[in-house]
Amino acid sequence: MNYNTSGGEAMLTMKLTQLEAQLQALIEGSAARLFPGGKVQGDLAQSLVAAMRAGVQIEPDGMALAPNRFNVYAHPAQAKRYRHNQGVLDELADTLYQAGLEAGLRFPGRLTLVVRPDPAMDPGKVHIQAEMAPAQLGDTTHTPTETGNGAS
């Protein structure tokens with residue numbers, strides 16, 4: 001990650017650490033039913049923040065632009081569980097977005113978590129890939145899910 005702002009890097013790092021703590025609290029609270037094993041709870045919060053940190057780009061005006069689409073790859077059974085708890089995922093996406101704004105990040109559009117089943121993933125594990133996605137008209141925080149591209 002290339003930060004060219006003098007005190008901005010330390011402040012952003014501190015804010016992202018606070019963001020991770022907020023996400024961890026959310027996951028350990030109402031979202032715990034998504035992650036019955038416990039370890040995945042911490043992994044998801046850490047993975048989301050790590051993916052956000054890795055994707056932050058400093059704009060010419062010095063503002064930090066963060067990714068707004070997070071692809072969550074999980075074993076198909078886990079992905080199915082996520083889809084049955086859409087409200088919790090929406091809350092997680094909104095928390096990540098709001099905390100990012102409070103940390104001084106700018107997003108190209110509303111934040112989304114896209115659940116993608118991956119049979120190659122071990123059950124209970126997640127992999128997060130963050131990307132910049134252009135804003136859509138009427139963009140709102142939501143969490144789309146996908147069942148795959150015809151392959152099960």
# chains A, B, ... in the order shown; residues from 1 in each chain; ligands from 1

$ residues_around --residues "range 124-135 of chain A" --least-positions-apart "5" --cutoff "9 Å" --atoms "only C-alpha atoms" --output "PyMOL selection string"
chain A and resi 35-37+39-40+43-44+47-48+50-52+54-55+65-75+78+107-111

$ atom_distance --atom1 "CA of Gly100 in chain A" --atom2 "CA of Lys15 in chain A"
8.2 Å

$ atom_distance --atom1 "CA of Leu23 in chain A" --atom2 "CA of Gly87 in chain A"
15.2 Å

$ residues_around --residues "Leu96 in chain A" --least-positions-apart "2" --cutoff "10 Å" --atoms "only C-alpha atoms" --output "number ranges by chain"
A: 19-20, 22-23, 45, 48-49, 52, 68, 90-94, 98-102, 111-113

$ select_by_dssp --residues "range 78-130 of chain A" --states "strand (DSSP E or B)" --output "VMD selection string"
chain A and resid 105 to 106 112 to 117 126 to 130

$ closest_residue --among "A:Val56, A:Ala103, A:Met63, A:Val88" --to "Met14 in chain A" --atoms "only C-alpha atoms"
A:Ala103
